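> Input: one structure, supplied below.
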Amino acid sequence: MGARIYVVTHPEATHHVEGLVGGWYDSALTPRGVIHAHAIAARLRDLIPTGACPALYTSDLVRATETAHPIAETFGVEPVLLPDLREKSYGVAGGRPQEWFAAHFVPPPLVGERLDHDEGIEGAESKLECVTRVYRAMDRITSDNAEHRIIVTHGGSLSWVVAAWQRLPISACAHVAYRADSGSITVLEQDDVFHNRTLHTLGDLGHIL
């Protein structure tokens, strides 16, 4: 086994159960989400070899740092907070009802400009802006010498974490997407022989089902 990255999507947060838009709206984990965060930490303890000291990186939003807390305690490490791992900003839609967002959102076209498309939401990031900063976070993360790394992020950011790991050009993100539900663990691996970067496991939820 070569170097591995374990990508955690934070579990259930208050904006999920309240039907609100997430993004940079700083919701916290629900009691159920806290239980799942501890289950994630226990599963990572099973996946990472005893004695290994993983590097831990997390989005700085509360729901992510609350997810990272039991992981940090389990491995005795301090999390590194990276705002670049945040979910996409939805501007004025953050914290508003999903119905409001659906009524104002302009979806990207099937063909044509998709990355820098104006979604019609004041203050929102473009997809290009979001992808670019997550790629920047991955440059920071992969510059260390750790054999095992844990990243705590958001479902909407996971696609760009995976794409950056596989060194896809940002232009490919106009159509690329990976699906992983809240509270999941995705495993990325680079082998020691060919140095290929593999999507080993996508969105595993076995620890909370």
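Here, A, B, ... name the chains of the structure tokens in the order displayed, residue numbers run from 1 inside each chain, and ligands are numbered from 1 in the same displayed order.
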Please list as a list in words every residue within 10 Å of Glu73 in chain A, counting only C-alpha atoms and excluding residues in the same chain fewer than 5 positions away.

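Contacts, in chain order: His38, Ala41, Ala68, Glu78 and Pro79 of chain A.
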
> Go ahead and dump the residues you just picked, N, CA and C atoms, as a PDB file, in the first residue's frame.


```pdb
ATOM      1  N   HIS A  38     -18.093  10.503  15.593  1.00  0.00           N
ATOM      2  CA  HIS A  38     -17.321   9.550  16.408  1.00  0.00           C
ATOM      3  C   HIS A  38     -17.197   8.203  15.690  1.00  0.00           C
ATOM      4  N   ALA A  41     -14.433   8.551  13.168  1.00  0.00           N
ATOM      5  CA  ALA A  41     -13.116   8.472  13.811  1.00  0.00           C
ATOM      6  C   ALA A  41     -12.742   7.023  14.102  1.00  0.00           C
ATOM      7  N   ALA A  68     -13.943  16.953  12.701  1.00  0.00           N
ATOM      8  CA  ALA A  68     -12.517  16.685  12.869  1.00  0.00           C
ATOM      9  C   ALA A  68     -12.125  16.446  14.319  1.00  0.00           C
ATOM     10  N   GLU A  78      -3.167  17.544  15.899  1.00  0.00           N
ATOM     11  CA  GLU A  78      -3.852  18.826  15.804  1.00  0.00           C
ATOM     12  C   GLU A  78      -4.317  19.037  14.365  1.00  0.00           C
ATOM     13  N   PRO A  79      -5.584  19.378  14.174  1.00  0.00           N
ATOM     14  CA  PRO A  79      -6.054  19.634  12.801  1.00  0.00           C
ATOM     15  C   PRO A  79      -5.516  20.948  12.262  1.00  0.00           C
TER      16      PRO A  79
END
```

> Need the shell around Leu205 in chain A: protein/DNA/RNA residues with any atom at most 8 Å away, counting only C-alpha atoms. Skip same-chain ones fewer than 4 positions apart. Format as a list in words?

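Listed by chain and then number, they are Asp181, Gly183, Ser184, Ile185 and Leu209 of chain A.
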
> Pull N, CA and C atoms from the residues just selected and write them as a compact mmCIF listing (two decimals), in the first residue's frame.


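The resulting file, again.txt, is reproduced below:
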```
# COMPACT_ATOMS: atom_id res chain seq x y z
N ASP A 181 -22.20 10.84 -0.03
CA ASP A 181 -23.18 11.37 0.91
C ASP A 181 -22.52 11.90 2.17
N GLY A 183 -21.21 12.27 5.82
CA GLY A 183 -20.69 11.28 6.77
C GLY A 183 -19.92 10.15 6.13
N SER A 184 -19.58 10.28 4.86
CA SER A 184 -18.89 9.20 4.14
C SER A 184 -17.38 9.32 4.23
N ILE A 185 -16.71 8.23 3.89
CA ILE A 185 -15.25 8.20 3.80
C ILE A 185 -14.86 7.76 2.39
N LEU A 209 -24.16 2.82 8.89
CA LEU A 209 -25.39 2.16 8.46
C LEU A 209 -25.78 1.05 9.44
```

> For Val134 in chain A, work out the shell of residues within 8 Å, counting only C-alpha atoms and skipping chain neighbours fewer than 6 positions away, then give it as a short mmCIF file (atom, residue, chain, number, x, y, z; two decimals) with N, CA and C atoms, in the first residue's frame.


```cif
data_model
loop_
_atom_site.label_atom_id
_atom_site.label_comp_id
_atom_site.auth_asym_id
_atom_site.auth_seq_id
_atom_site.Cartn_x
_atom_site.Cartn_y
_atom_site.Cartn_z
N ASP A 84 -9.74 27.07 2.36
CA ASP A 84 -9.89 26.68 0.95
C ASP A 84 -10.63 25.36 0.78
N LEU A 85 -10.84 24.60 1.86
CA LEU A 85 -11.59 23.34 1.79
C LEU A 85 -13.09 23.55 1.98
N ARG A 86 -13.49 24.79 2.15
CA ARG A 86 -14.91 25.07 2.36
C ARG A 86 -15.78 24.61 1.19
N SER A 157 -17.44 19.88 -2.05
CA SER A 157 -16.00 20.07 -2.30
C SER A 157 -15.29 18.77 -2.63
N TRP A 160 -13.79 18.08 -6.12
CA TRP A 160 -12.59 18.81 -6.51
C TRP A 160 -11.36 18.30 -5.76
N VAL A 161 -11.56 17.75 -4.56
CA VAL A 161 -10.47 17.08 -3.85
C VAL A 161 -10.01 15.87 -4.66
N ALA A 164 -8.40 16.96 -8.06
CA ALA A 164 -7.06 17.50 -7.86
C ALA A 164 -6.06 16.39 -7.56
#
```

> Compile the contact shell of Leu110 in chain A as a PyMOL selection string: residues with an atom at most 12 Å away, counting only C-alpha atoms, same-chain residues fewer than 4 positions apart removed.

chain A and resi 114-115+117+174-175

> Save the residues we just selected, C-alpha atoms, as a CSV table (one decimal), in the first residue's frame?


```csv
chain,number,residue,atom,x,y,z
A,114,ARG,CA,-20.0,26.0,-17.4
A,115,LEU,CA,-17.1,26.8,-15.0
A,117,HIS,CA,-21.3,30.5,-15.4
A,174,ALA,CA,-16.7,21.6,-16.1
A,175,HIS,CA,-18.3,18.2,-16.2
```

> Give me, as a count of residues only, the residues of range 15-196 of chain A that a backbone DSSP run labels alpha helix (DSSP H).

68

> Select, from A:Tyr25, A:Asp144, A:Pro169, A:Gly19, the residue with the minimum atom-to-atom distance to Trp100 in chain A, counting only C-alpha atoms.

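When distances to Trp100 in chain A are compared using only C-alpha atoms, the smallest one comes from A:Gly19.
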
> Please, which residues of chain A, numbered as in this document, come out strand (DSSP E) from DSSP, as a ChimeraX atom specification?

/A:3-9,55-58,80-81,148-153,185-190,197-204

> Any idea what's packed within 10 Å of Gly203 in chain A, counting only C-alpha atoms, ignoring anything in its chain fewer than 4 positions away? Could you give it as a VMD selection string?

chain A and resid 7 to 9 155 158 178 to 187

> Quick one: residues within 10 Å of Asp191 in chain A, only C-alpha atoms counted, chain neighbours fewer than 4 positions away excluded, as a PyMOL selection string?

chain A and resi 1-4+195-198

> Show me, as a ChimeraX atom specification, the residues that have an atom within 12 Å of Ser89 in chain A when counting only C-alpha atoms, minus same-chain residues fewer than 5 positions from it.

/A:21-26,61,83-84,94-95,119,121-131,133,154,156-157

> Write out, as a short mmCIF file (atom, residue, chain, number, x, y, z; two decimals), in the first residue's frame, the residues just selected, with C-alpha atoms.


```cif
data_model
loop_
_atom_site.label_atom_id
_atom_site.label_comp_id
_atom_site.auth_asym_id
_atom_site.auth_seq_id
_atom_site.Cartn_x
_atom_site.Cartn_y
_atom_site.Cartn_z
CA VAL A 21 -28.83 26.24 1.91
CA GLY A 22 -25.39 25.38 3.29
CA GLY A 23 -22.41 26.82 1.51
CA TRP A 24 -20.59 29.20 3.84
CA TYR A 25 -23.58 29.36 6.19
CA ASP A 26 -21.90 28.16 9.38
CA LEU A 61 -16.53 25.83 9.00
CA PRO A 83 -10.60 27.79 4.55
CA ASP A 84 -9.89 26.68 0.95
CA GLY A 94 -26.52 30.80 2.35
CA GLY A 95 -28.83 30.00 5.27
CA GLU A 119 -25.75 31.17 -11.39
CA ILE A 121 -27.19 34.34 -6.94
CA GLU A 122 -25.72 37.59 -5.63
CA GLY A 123 -22.31 37.13 -4.01
CA ALA A 124 -22.02 33.44 -4.92
CA GLU A 125 -18.76 31.92 -6.07
CA SER A 126 -18.53 30.62 -9.59
CA LYS A 127 -17.74 26.96 -9.96
CA LEU A 128 -14.33 28.01 -11.29
CA GLU A 129 -13.56 30.02 -8.15
CA CYS A 130 -14.56 27.13 -5.90
CA VAL A 131 -12.59 24.52 -7.85
CA ARG A 133 -9.31 27.24 -4.25
CA HIS A 154 -18.04 19.01 2.41
CA GLY A 156 -19.77 19.77 -2.67
CA SER A 157 -16.00 20.07 -2.30
#
```

> Find the residue from A:Arg96, A:Pro49, A:Thr65, A:Glu113 that sits nearest to His15 in chain A; use only C-alpha atoms when measuring.

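For His15 in chain A, the nearest of the candidates is A:Arg96.
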